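One structure is given here, and the rest of the page talks about it.
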Amino acid sequence: MAEAYNTCIMDATQTDPGADWRETAFDLTRGIAAYCGCSLVGGLAKVIARHPQADVGNAFNHKQVACKLWARDKLFESCGARFGSIWIVGGWYGVLAAMLFDDPRFDIGAIESIDIDPGVAEVAKTLNERWKDRFRASTGDMYTLDYAGSRPDLVVNTSCEHIADLRAWLALLPPGTRVLLQSNDYFSEPTHIACVPSLEAFEQLAGLSEIAFAGALPMKKYTRFMLIGTV
């Protein structure tokens with residue numbers, strides 16, 4: 001159910017607005033990682049310590065996490081657990097990759113997180129340091145990648161609202177390639193140049209040959225749409 005991904009936010013008061021939030025966040029995440037034995041949280045602590053410029057507050061806000069949890073669960077339900085190679089284009093800080101590696105349900109050989117921004121690869125590597133033998137972060141344009149030569153088992157794009165011509169990009173993928181796509185109807189965000197008004201419009205825009213899952217996740221300001229299927 002969609003409600004399961006809408007995390008309840010507890011009331012809290014900032015007691016010391018002058019405190020160094022980054023130092024506090026580092027101590028907090030390091031402590032939580034030690035308590036729960038979670039490599040992902042441990043990776044986040046390292047990011048906070050090593051990359052003061054990283055916008056971790058945005059990358060790990062409850063909406064971002066909820067959408068990725070939803071993607072992870074529906075991927076497992078639709079396509080199973082085993083993937084030899086996954087490419088995540090527009091992978092940013094590698095959060096989705098870290099969440100997939102952290103999920104014991106999955107058996108994943110390797111994940112590559114690819115982003116056009118040269119400033120995010122090192123952050124993604126730090127976050128996924130625990131899985132460095134199976135994780136790669138690279139800088140690249142999704143329009144110039146060799147999909148046919150590399151043949152990843154799954155191509156993930158959770159930022160379709162940023163792509164001017166989704167169909168043209170999908171045409172670069174060999175027929176039969178499995179994809180996980182997300183977009184939204186957050187038209188008021190200036191960087192969103194290709195939002196869709198509904199799930200049906202997203203399906204029509206993508207034009208996938210097969211759809212294993214299609215769904216909508218209502219958020220406070222927008223609705224997130226997702227398709228899992230084959231080009």
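Starting from 1 in every chain, residues are counted up; chains themselves are A, B, ... following the order of the structure tokens, and ligands are numbered from 1 as listed.
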With 8 Å as the cut-off and only C-alpha atoms counted, what is the closest atom pair between each nearby residue of range 118-213 of chain A and range 78-98 of chain A? Distances in Å to one decimal, ordered by chain and number, as CSV.
```
residue,atom,partner,partner_atom,distance
A:Val120,CA,A:Tyr93,CA,5.7
A:Ala121,CA,A:Tyr93,CA,6.9
A:Val123,CA,A:Tyr93,CA,5.7
A:Ala124,CA,A:Tyr93,CA,4.3
A:Lys125,CA,A:Gly94,CA,7.6
A:Leu127,CA,A:Gly94,CA,7.0
A:Asn128,CA,A:Ala98,CA,5.8
A:Ala137,CA,A:Gly94,CA,7.7
A:Met142,CA,A:Val89,CA,6.3
A:Pro152,CA,A:Ser85,CA,5.1
A:Asp153,CA,A:Ser85,CA,5.3
A:Leu154,CA,A:Ile86,CA,4.9
A:Val155,CA,A:Trp87,CA,4.9
A:Val156,CA,A:Ile88,CA,4.6
A:Asn157,CA,A:Val89,CA,5.4
A:Thr158,CA,A:Gly90,CA,7.5
A:Ser159,CA,A:Gly90,CA,6.7
A:Ala212,CA,A:Ser78,CA,5.9
A:Phe213,CA,A:Ser78,CA,6.5
```
message = Using DSSP secondary structure from the backbone, list all alpha helix (DSSP H) positions within range 101-178 of chain A, as a list in words.
response =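 DSSP on the backbone gives alpha helix (DSSP H) at Phe101, Asp102, Ala121, Glu122, Val123, Ala124, Lys125, Thr126, Leu127, Tyr147, Ala148, Gly149, Ser150, Leu166, Arg167, Ala168, Trp169 and Leu170 of chain A.
Take CA of Thr24 in chain A and CA of Ile48 in chain A: the distance between them is 10.0 Å.
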message = Just checking: using only C-alpha atoms, which residue out of A:Phe60, A:Trp131, A:Tyr35, A:Phe26 ends up closest to Val47 in chain A?
response = A:Phe26
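By only C-alpha atoms, and with residues fewer than 4 positions from range 186-191 of chain A along its chain excluded, the set lying at most 9 Å from it is A:Glu161, A:His162, A:Cys195, A:Val196, A:Pro197, A:Lys221, A:Tyr222, A:Thr223, A:Arg224.
A straight line drawn from CA of Trp169 in chain A to CA of Tyr143 in chain A is 6.4 Å long.
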inquiry  = I need the residues in range 10-125 of chain A that are strand (DSSP E) according to DSSP; give them as a ChimeraX atom specification.
reply    = /A:82-89,107-115
